[in-house]
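What follows is the content of input29.cif, which has mmCIF, C-alpha atoms:
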data_entry
#
loop_
_atom_site.label_atom_id
_atom_site.label_comp_id
_atom_site.auth_asym_id
_atom_site.auth_seq_id
_atom_site.Cartn_x
_atom_site.Cartn_y
_atom_site.Cartn_z
CA MET A 1 58.63 59.83 -36.44
CA ASP A 2 57.58 63.34 -37.34
CA TYR A 3 53.95 64.41 -37.29
CA GLN A 4 51.51 67.23 -37.85
CA ILE A 5 47.93 67.37 -36.59
CA ILE A 6 45.46 68.74 -39.14
CA PRO A 7 42.01 69.50 -37.66
CA VAL A 8 39.23 68.66 -40.12
CA THR A 9 35.42 68.66 -40.31
CA ALA A 10 32.86 70.32 -38.07
CA PHE A 11 33.77 67.74 -35.42
CA ALA A 12 37.31 69.19 -35.14
CA GLN A 13 38.74 65.74 -35.77
CA ASN A 14 42.53 65.38 -35.57
CA CYS A 15 43.74 64.03 -38.90
CA SER A 16 47.41 63.13 -38.37
CA LEU A 17 50.07 63.44 -41.05
CA ILE A 18 52.95 61.22 -39.93
CA TRP A 19 56.22 60.62 -41.76
CA CYS A 20 59.66 59.07 -41.62
CA PRO A 21 62.20 61.93 -41.49
CA ALA A 22 64.86 59.84 -43.24
CA THR A 23 62.82 58.79 -46.28
CA LYS A 24 60.03 61.44 -46.26
CA GLN A 25 57.51 58.62 -46.71
CA ALA A 26 54.24 59.67 -45.10
CA ALA A 27 50.84 58.34 -44.07
CA VAL A 28 47.61 60.26 -43.58
CA VAL A 29 45.83 58.89 -40.51
CA ASP A 30 42.05 59.31 -40.15
CA PRO A 31 41.29 61.84 -42.91
CA GLY A 32 37.74 62.68 -41.87
CA GLY A 33 37.15 65.32 -44.53
CA ASP A 34 38.53 68.53 -46.03
CA ALA A 35 40.72 66.65 -48.51
CA GLU A 36 42.08 69.81 -50.12
CA THR A 37 43.26 71.13 -46.74
CA ILE A 38 45.10 67.87 -46.09
CA GLN A 39 46.66 67.92 -49.56
CA ALA A 40 47.92 71.47 -48.98
CA HIS A 41 49.65 70.46 -45.73
CA VAL A 42 51.21 67.42 -47.41
CA ALA A 43 52.58 69.66 -50.17
CA ASP A 44 53.92 72.17 -47.64
CA ARG A 45 55.83 69.40 -45.84
CA GLY A 46 57.36 68.03 -49.03
CA VAL A 47 56.58 64.43 -48.05
CA THR A 48 55.35 61.53 -50.18
CA VAL A 49 52.11 59.89 -49.07
CA THR A 50 52.37 56.10 -49.38
CA GLN A 51 49.22 55.01 -47.53
CA ILE A 52 46.03 56.10 -45.77
CA LEU A 53 45.69 54.63 -42.26
CA LEU A 54 42.37 54.30 -40.40
CA THR A 55 41.89 53.72 -36.68
CA HIS A 56 38.14 53.02 -36.94
CA GLY A 57 35.12 53.33 -39.17
CA HIS A 58 33.37 56.50 -38.02
CA LEU A 59 32.62 59.04 -40.74
CA ASP A 60 34.54 61.92 -39.12
CA HIS A 61 37.69 59.77 -39.34
CA VAL A 62 37.27 58.28 -42.83
CA GLY A 63 35.23 60.78 -44.87
CA ALA A 64 38.09 61.79 -47.20
CA ALA A 65 39.94 58.44 -47.21
CA ALA A 66 38.73 57.25 -50.64
CA GLU A 67 39.31 60.66 -52.24
CA LEU A 68 42.87 60.93 -50.90
CA ALA A 69 43.68 57.30 -51.76
CA ALA A 70 42.61 57.97 -55.35
CA PHE A 71 44.47 61.31 -55.50
CA TYR A 72 47.78 59.82 -54.29
CA GLY A 73 47.26 56.36 -55.82
CA VAL A 74 47.86 54.63 -52.47
CA PRO A 75 46.12 51.91 -50.42
CA VAL A 76 43.74 52.38 -47.50
CA VAL A 77 44.99 50.33 -44.54
CA GLY A 78 42.96 49.50 -41.43
CA PRO A 79 40.98 49.35 -39.27
CA HIS A 80 40.20 45.85 -37.95
CA LYS A 81 37.50 44.01 -39.91
CA ALA A 82 35.11 44.18 -36.94
CA ASP A 83 34.44 47.77 -38.09
CA ALA A 84 33.32 46.64 -41.56
CA PHE A 85 29.68 47.44 -40.73
CA TRP A 86 30.62 51.07 -39.97
CA LEU A 87 32.40 51.44 -43.32
CA GLU A 88 29.53 49.77 -45.17
CA GLY A 89 27.15 52.21 -43.47
CA LEU A 90 28.98 55.40 -44.47
CA PRO A 91 26.08 56.64 -46.65
CA ALA A 92 23.73 56.44 -43.66
CA GLN A 93 26.34 58.06 -41.39
CA SER A 94 26.77 60.98 -43.79
CA GLN A 95 23.01 61.51 -43.96
CA MET A 96 22.66 61.29 -40.18
CA PHE A 97 25.37 63.87 -39.44
CA GLY A 98 24.66 66.23 -42.35
CA PHE A 99 27.96 65.46 -44.09
CA PRO A 100 28.38 65.29 -47.89
CA TYR A 101 27.51 61.84 -49.27
CA CYS A 102 30.19 59.26 -48.47
CA ALA A 103 30.19 55.96 -50.37
CA PRO A 104 30.78 52.62 -48.62
CA LEU A 105 34.48 51.87 -48.20
CA THR A 106 36.44 48.63 -48.18
CA PRO A 107 40.09 49.01 -47.15
CA ASP A 108 42.84 47.45 -49.22
CA ARG A 109 44.10 45.79 -46.05
CA TRP A 110 42.42 45.04 -42.75
CA LEU A 111 44.71 45.05 -39.71
CA GLU A 112 45.00 42.57 -36.86
CA GLU A 113 46.57 42.93 -33.43
CA GLY A 114 50.25 42.03 -33.57
CA GLU A 115 50.70 43.04 -37.21
CA THR A 116 52.86 45.99 -38.20
CA VAL A 117 52.73 48.77 -40.79
CA GLN A 118 55.96 49.98 -42.36
CA LEU A 119 56.43 53.69 -43.04
CA GLY A 120 59.87 54.30 -44.50
CA ASN A 121 62.28 53.21 -41.75
CA ILE A 122 59.53 53.34 -39.09
CA THR A 123 57.64 50.30 -37.87
CA LEU A 124 54.17 50.92 -36.44
CA ASP A 125 52.81 48.26 -34.08
CA ILE A 126 49.08 47.52 -34.26
CA LEU A 127 47.00 47.09 -31.11
CA LEU A 128 43.30 46.24 -31.16
CA CYS A 129 41.48 48.48 -28.66
CA PRO A 130 37.71 47.84 -28.84
CA GLY A 131 35.10 49.80 -26.92
CA HIS A 132 34.50 52.98 -28.92
CA THR A 133 33.97 50.68 -31.90
CA PRO A 134 34.59 46.90 -31.98
CA GLY A 135 37.37 47.14 -34.58
CA HIS A 136 39.23 50.20 -33.30
CA ILE A 137 43.00 49.95 -33.63
CA VAL A 138 45.89 52.21 -32.61
CA PHE A 139 49.29 52.76 -34.24
CA PHE A 140 52.38 52.78 -31.99
CA ASP A 141 55.90 53.85 -32.94
CA ARG A 142 57.92 52.19 -30.19
CA ALA A 143 61.16 53.93 -31.14
CA SER A 144 59.88 57.50 -30.80
CA ARG A 145 57.32 56.63 -28.07
CA LEU A 146 54.48 58.07 -30.14
CA LEU A 147 50.97 56.61 -30.20
CA VAL A 148 48.19 57.52 -32.65
CA SER A 149 45.24 56.65 -30.43
CA GLY A 150 42.15 57.61 -32.43
CA ASP A 151 39.09 57.87 -30.18
CA VAL A 152 40.19 55.46 -27.44
CA ILE A 153 41.73 57.94 -25.00
CA PHE A 154 41.77 61.74 -24.87
CA ASN A 155 43.40 64.45 -22.78
CA GLY A 156 41.17 64.16 -19.70
CA GLY A 157 38.66 61.82 -21.28
CA VAL A 158 37.90 58.60 -23.14
CA GLY A 159 35.95 57.75 -26.26
CA ARG A 160 32.17 57.49 -26.35
CA SER A 161 30.78 53.99 -26.07
CA ASP A 162 27.07 54.63 -26.75
CA PHE A 163 27.31 53.73 -30.45
CA PRO A 164 26.25 50.37 -31.93
CA GLN A 165 28.54 47.59 -30.64
CA GLY A 166 30.26 50.05 -28.31
CA SER A 167 31.16 49.01 -24.76
CA HIS A 168 32.44 51.24 -21.96
CA ALA A 169 33.79 48.23 -20.07
CA ASP A 170 35.72 47.07 -23.15
CA LEU A 171 37.01 50.61 -23.69
CA ILE A 172 38.43 50.94 -20.16
CA GLU A 173 39.84 47.41 -20.41
CA SER A 174 41.58 48.37 -23.68
CA ILE A 175 43.14 51.44 -22.09
CA LYS A 176 44.28 49.67 -18.94
CA THR A 177 45.59 46.45 -20.52
CA LYS A 178 46.80 47.64 -23.95
CA LEU A 179 47.74 51.34 -23.71
CA LEU A 180 48.89 52.15 -20.18
CA PRO A 181 51.44 49.27 -20.14
CA LEU A 182 53.20 50.92 -23.11
CA GLY A 183 54.71 53.37 -20.59
CA ASP A 184 54.12 56.70 -18.87
CA ASP A 185 56.52 58.43 -21.28
CA VAL A 186 54.38 57.66 -24.35
CA THR A 187 52.89 60.73 -26.04
CA PHE A 188 49.61 60.18 -27.84
CA LEU A 189 47.91 61.96 -30.72
CA PRO A 190 44.16 61.63 -30.02
CA GLY A 191 41.30 61.79 -32.50
CA HIS A 192 40.02 65.02 -30.94
CA GLY A 193 41.50 67.68 -28.67
CA PRO A 194 45.05 68.29 -27.40
CA MET A 195 47.82 65.74 -27.07
CA SER A 196 48.85 64.22 -23.74
CA THR A 197 50.96 61.41 -22.28
CA LEU A 198 49.81 58.06 -20.96
CA GLY A 199 51.48 58.84 -17.64
CA ARG A 200 49.51 62.04 -17.20
CA GLU A 201 46.24 60.30 -18.05
CA ARG A 202 46.98 57.35 -15.77
CA ILE A 203 47.23 59.75 -12.84
CA SER A 204 44.65 62.42 -13.68
CA ASN A 205 42.09 61.07 -16.16
CA PRO A 206 38.83 60.77 -14.15
CA PHE A 207 37.71 57.74 -16.18
CA LEU A 208 40.78 55.73 -15.14
CA GLN A 209 40.67 56.31 -11.38
#
Go ahead and render the structure in this file as structure tokens.
Amino acid sequence: MDYQIIPVTAFAQNCSLIWCPATKQAAVVDPGGDAETIQAHVADRGVTVTQILLTHGHLDHVGAAAELAAFYGVPVVGPHKADAFWLEGLPAQSQMFGFPYCAPLTPDRWLEEGETVQLGNITLDILLCPGHTPGHIVFFDRASRLLVSGDVIFNGGVGRSDFPQGSHADLIESIKTKLLPLGDDVTFLPGHGPMSTLGRERISNPFLQ
């Protein structure tokens, strides 16, 4: 799987453009805003967007999802339905954070743990990793050992858990029982900040010691 990280919004959120090198089919993961910037990168890569993927329902990860889905004529897929209240509350989120108005969003497909998403010849496994939000999911390409981890784990940190229905205990449990067992060699693309590997975080991340 090939990828490009596209930082968007004032929160420097990592929107990920991922694609199958064989078919050039692509997905935009967590388009938090700046739709025109994302569109420009897609055009530069010469890939065909077939879906918008969401890890969770926070505004800085979904703000441009509806606009891009309409522009490309593709479905919005994910997160888990436990994050429905976040997506229904997007107007309040946009007001709270000073973002442009964002209408409520209902994905075309909710995702469950154990399901998969197909992207060209690539199969993405879905893992439910609650804690940052109750319906947070991650996308894992087993073949290329790449994980799109959203706001679960960061380089040297973990996601916040002080939001409604957040839980620090659940977050750490998700990391230790769902992510770390995937293997030390797994590289992850986080929702904010630089990339890292699960092995490096297992050893050095202060929240996991």
### Message
Taking (44.8, 67.6, -46.6) as a centre in this file's frame and 9 Å as the limit, can you find every polymer residue with an atom that close, using all atoms listed in the file, and give them as a list in words?
### Response
Ile6, Val8, Cys15, Leu17, Val28, Pro31, Gly33, Asp34, Ala35, Glu36, Thr37, Ile38, Gln39, Ala40, His41, Val42, Ala43, Ala64 and Leu68 of chain A
Mind writing the picked residues with C-alpha atoms as an mmCIF file, in the frame of the given file?
data_model
loop_
_atom_site.group_PDB
_atom_site.id
_atom_site.type_symbol
_atom_site.label_atom_id
_atom_site.label_comp_id
_atom_site.auth_asym_id
_atom_site.auth_seq_id
_atom_site.Cartn_x
_atom_site.Cartn_y
_atom_site.Cartn_z
ATOM 1 C CA ILE A 6 45.460 68.740 -39.140
ATOM 2 C CA VAL A 8 39.230 68.660 -40.120
ATOM 3 C CA CYS A 15 43.740 64.030 -38.900
ATOM 4 C CA LEU A 17 50.070 63.440 -41.050
ATOM 5 C CA VAL A 28 47.610 60.260 -43.580
ATOM 6 C CA PRO A 31 41.290 61.840 -42.910
ATOM 7 C CA GLY A 33 37.150 65.320 -44.530
ATOM 8 C CA ASP A 34 38.530 68.530 -46.030
ATOM 9 C CA ALA A 35 40.720 66.650 -48.510
ATOM 10 C CA GLU A 36 42.080 69.810 -50.120
ATOM 11 C CA THR A 37 43.260 71.130 -46.740
ATOM 12 C CA ILE A 38 45.100 67.870 -46.090
ATOM 13 C CA GLN A 39 46.660 67.920 -49.560
ATOM 14 C CA ALA A 40 47.920 71.470 -48.980
ATOM 15 C CA HIS A 41 49.650 70.460 -45.730
ATOM 16 C CA VAL A 42 51.210 67.420 -47.410
ATOM 17 C CA ALA A 43 52.580 69.660 -50.170
ATOM 18 C CA ALA A 64 38.090 61.790 -47.200
ATOM 19 C CA LEU A 68 42.870 60.930 -50.900
#
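Across A:Gly120, A:Gly199, A:Gly135, A:Pro75, the tightest approach to Asp184 of chain A is made by A:Gly199 when counting only C-alpha atoms.
Atom CA of Ala82 of chain A to atom CA of Pro206 of chain A spans 28.4 Å [interatomic distance, one decimal].
The gap separating atom CA of Arg142 of chain A from atom CA of Gly73 of chain A is 28.1 Å, in Å to one decimal.
What separates atom CA of Thr197 of chain A from atom CA of Pro79 of chain A is a distance of 23.1 Å.
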### Task
List, as an MDAnalysis selection string, every residue that the PyMOL selection byres ((chain A and resi 123-125) around 9) selects in the file provided.
chainID A and resid 113:122 126:127 138:143
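With all atoms listed in the file as the atoms that count, the minimum distance from Leu171 of chain A to the choices A:Met195, A:Leu208, A:Cys129, A:Val186 is reached by A:Cys129.
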### Query
Evaluating the PyMOL selection byres ((chain A and resi 16) around 12) on the displayed file yields which residues, as a PyMOL selection string?
chain A and resi 1-8+13-15+17-19+26-32+38+41-42+52-55+61+139+146-150+188-192+195
### Message
I'd like to see the residues matched by the PyMOL selection byres ((chain A and resi 161) around 12) on this file, and ideally I'd get them as a list of chain:residue names.
### Response
A:Pro130, A:Gly131, A:His132, A:Thr133, A:Pro134, A:His136, A:Asp151, A:Val152, A:Ile153, A:Val158, A:Gly159, A:Arg160, A:Asp162, A:Phe163, A:Pro164, A:Gln165, A:Gly166, A:Ser167, A:His168, A:Ala169, A:Asp170, A:Leu171, A:Ile172
Please return the centre and edge lengths, in Å to one decimal, of a box with edges along x, y and z that contains all listed atoms of segment 149-163 of chain A, widened by 4 Å on every side, as AutoDock Vina command-line options.
--center_x 36.2 --center_y 59.1 --center_z -26.1 --size_x 26.2 --size_y 18.7 --size_z 20.7
Selection near Gly78 of chain A, 8 Å with only C-alpha atoms, sequence-local residues under 2 positions removed, as a CSV table (one decimal) with C-alpha atoms, keeping the file's coordinate frame:
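Contents of around10.csv, freshly written:
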chain,number,residue,atom,x,y,z
A,53,LEU,CA,45.7,54.6,-42.3
A,54,LEU,CA,42.4,54.3,-40.4
A,55,THR,CA,41.9,53.7,-36.7
A,56,HIS,CA,38.1,53.0,-36.9
A,76,VAL,CA,43.7,52.4,-47.5
A,80,HIS,CA,40.2,45.8,-38.0
A,81,LYS,CA,37.5,44.0,-39.9
A,107,PRO,CA,40.1,49.0,-47.2
A,109,ARG,CA,44.1,45.8,-46.0
A,110,TRP,CA,42.4,45.0,-42.8
A,111,LEU,CA,44.7,45.0,-39.7
A,137,ILE,CA,43.0,50.0,-33.6
### Message
I'd like the neighbourhood of Arg200 of chain A as a ChimeraX atom specification, where a residue qualifies if any of its atoms comes within 10 Å (using only C-alpha atoms), though same-chain residues fewer than 4 positions away should be ignored.
### Response
/A:155-156,184-187,196,204-205
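Distances to Thr23 of chain A were evaluated for A:Val47, A:Asp108, A:Ala103, A:Ile175 using all atoms listed in the file, and the minimum falls at A:Val47.
Closest approach to Val62 of chain A among A:Lys178, A:Val74, A:Pro104, A:Gly46 is made by A:Pro104 (distances from only C-alpha atoms).
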Please fill the gaps in segment 145-156 of chain A so it has all heavy atoms, and write that as a JSON list (two decimals), in the coordinates of the input.
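Produced file result-v4.json, reproduced below:
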[["chain", "number", "residue", "atom", "x", "y", "z"],
["A", 145, "ARG", "N", 58.27, 56.57, -29.20],
["A", 145, "ARG", "CA", 57.32, 56.63, -28.07],
["A", 145, "ARG", "C", 56.10, 57.47, -28.42],
["A", 145, "ARG", "O", 55.60, 58.24, -27.61],
["A", 145, "ARG", "CB", 58.00, 57.18, -26.79],
["A", 145, "ARG", "CG", 59.36, 56.60, -26.48],
["A", 145, "ARG", "CD", 59.31, 55.10, -26.30],
["A", 145, "ARG", "NE", 58.61, 54.71, -25.05],
["A", 145, "ARG", "CZ", 58.06, 53.51, -24.85],
["A", 145, "ARG", "NH1", 58.06, 52.61, -25.81],
["A", 145, "ARG", "NH2", 57.46, 53.24, -23.69],
["A", 146, "LEU", "N", 55.64, 57.33, -29.66],
["A", 146, "LEU", "CA", 54.48, 58.07, -30.14],
["A", 146, "LEU", "C", 53.35, 57.10, -30.47],
["A", 146, "LEU", "O", 53.57, 56.08, -31.15],
["A", 146, "LEU", "CB", 54.82, 58.87, -31.40],
["A", 146, "LEU", "CG", 55.30, 60.30, -31.21],
["A", 146, "LEU", "CD1", 55.76, 60.87, -32.54],
["A", 146, "LEU", "CD2", 54.20, 61.17, -30.61],
["A", 147, "LEU", "N", 52.15, 57.44, -30.02],
["A", 147, "LEU", "CA", 50.97, 56.61, -30.20],
["A", 147, "LEU", "C", 49.90, 57.43, -30.91],
["A", 147, "LEU", "O", 49.57, 58.54, -30.48],
["A", 147, "LEU", "CB", 50.45, 56.14, -28.84],
["A", 147, "LEU", "CG", 49.13, 55.40, -28.78],
["A", 147, "LEU", "CD1", 49.27, 54.00, -29.37],
["A", 147, "LEU", "CD2", 48.64, 55.32, -27.33],
["A", 148, "VAL", "N", 49.35, 56.90, -32.00],
["A", 148, "VAL", "CA", 48.19, 57.52, -32.65],
["A", 148, "VAL", "C", 46.97, 56.74, -32.14],
["A", 148, "VAL", "O", 46.76, 55.59, -32.52],
["A", 148, "VAL", "CB", 48.28, 57.46, -34.18],
["A", 148, "VAL", "CG1", 47.10, 58.18, -34.81],
["A", 148, "VAL", "CG2", 49.59, 58.08, -34.65],
["A", 149, "SER", "N", 46.21, 57.39, -31.25],
["A", 149, "SER", "CA", 45.24, 56.65, -30.43],
["A", 149, "SER", "C", 43.80, 56.76, -30.89],
["A", 149, "SER", "O", 42.91, 56.17, -30.27],
["A", 149, "SER", "CB", 45.34, 57.09, -28.97],
["A", 149, "SER", "OG", 45.04, 58.47, -28.83],
["A", 150, "GLY", "N", 43.53, 57.51, -31.98],
["A", 150, "GLY", "CA", 42.15, 57.61, -32.43],
["A", 150, "GLY", "C", 41.23, 58.10, -31.32],
["A", 150, "GLY", "O", 41.57, 59.04, -30.60],
["A", 151, "ASP", "N", 40.08, 57.44, -31.17],
["A", 151, "ASP", "CA", 39.09, 57.87, -30.18],
["A", 151, "ASP", "C", 39.03, 56.95, -28.97],
["A", 151, "ASP", "O", 37.98, 56.80, -28.34],
["A", 151, "ASP", "CB", 37.70, 57.96, -30.83],
["A", 151, "ASP", "CG", 37.54, 59.20, -31.70],
["A", 151, "ASP", "OD1", 38.50, 59.99, -31.78],
["A", 151, "ASP", "OD2", 36.46, 59.36, -32.31],
["A", 152, "VAL", "N", 40.16, 56.32, -28.63],
["A", 152, "VAL", "CA", 40.19, 55.46, -27.44],
["A", 152, "VAL", "C", 40.36, 56.31, -26.19],
["A", 152, "VAL", "O", 39.57, 56.23, -25.24],
["A", 152, "VAL", "CB", 41.31, 54.41, -27.53],
["A", 152, "VAL", "CG1", 41.36, 53.55, -26.27],
["A", 152, "VAL", "CG2", 41.11, 53.51, -28.75],
["A", 153, "ILE", "N", 41.41, 57.13, -26.19],
["A", 153, "ILE", "CA", 41.73, 57.94, -25.00],
["A", 153, "ILE", "C", 41.99, 59.38, -25.44],
["A", 153, "ILE", "O", 42.54, 59.62, -26.53],
["A", 153, "ILE", "CB", 42.95, 57.36, -24.24],
["A", 153, "ILE", "CG1", 43.16, 58.09, -22.92],
["A", 153, "ILE", "CG2", 44.21, 57.39, -25.11],
["A", 153, "ILE", "CD1", 44.17, 57.39, -22.00],
["A", 154, "PHE", "N", 41.57, 60.32, -24.61],
["A", 154, "PHE", "CA", 41.77, 61.74, -24.87],
["A", 154, "PHE", "C", 42.48, 62.39, -23.69],
["A", 154, "PHE", "O", 42.63, 61.79, -22.62],
["A", 154, "PHE", "CB", 40.43, 62.45, -25.09],
["A", 154, "PHE", "CG", 39.60, 61.91, -26.20],
["A", 154, "PHE", "CD1", 38.30, 61.47, -25.99],
["A", 154, "PHE", "CD2", 40.12, 61.83, -27.49],
["A", 154, "PHE", "CE1", 37.54, 60.97, -27.02],
["A", 154, "PHE", "CE2", 39.35, 61.33, -28.54],
["A", 154, "PHE", "CZ", 38.06, 60.90, -28.30],
["A", 155, "ASN", "N", 42.88, 63.63, -23.87],
["A", 155, "ASN", "CA", 43.40, 64.45, -22.78],
["A", 155, "ASN", "C", 42.24, 64.70, -21.82],
["A", 155, "ASN", "O", 41.35, 65.49, -22.12],
["A", 155, "ASN", "CB", 43.95, 65.75, -23.36],
["A", 155, "ASN", "CG", 44.62, 66.63, -22.32],
["A", 155, "ASN", "OD1", 44.20, 66.68, -21.16],
["A", 155, "ASN", "ND2", 45.66, 67.33, -22.71],
["A", 156, "GLY", "N", 42.22, 63.99, -20.70],
["A", 156, "GLY", "CA", 41.17, 64.16, -19.70],
["A", 156, "GLY", "C", 39.89, 63.41, -19.98],
["A", 156, "GLY", "O", 38.88, 63.61, -19.29]]
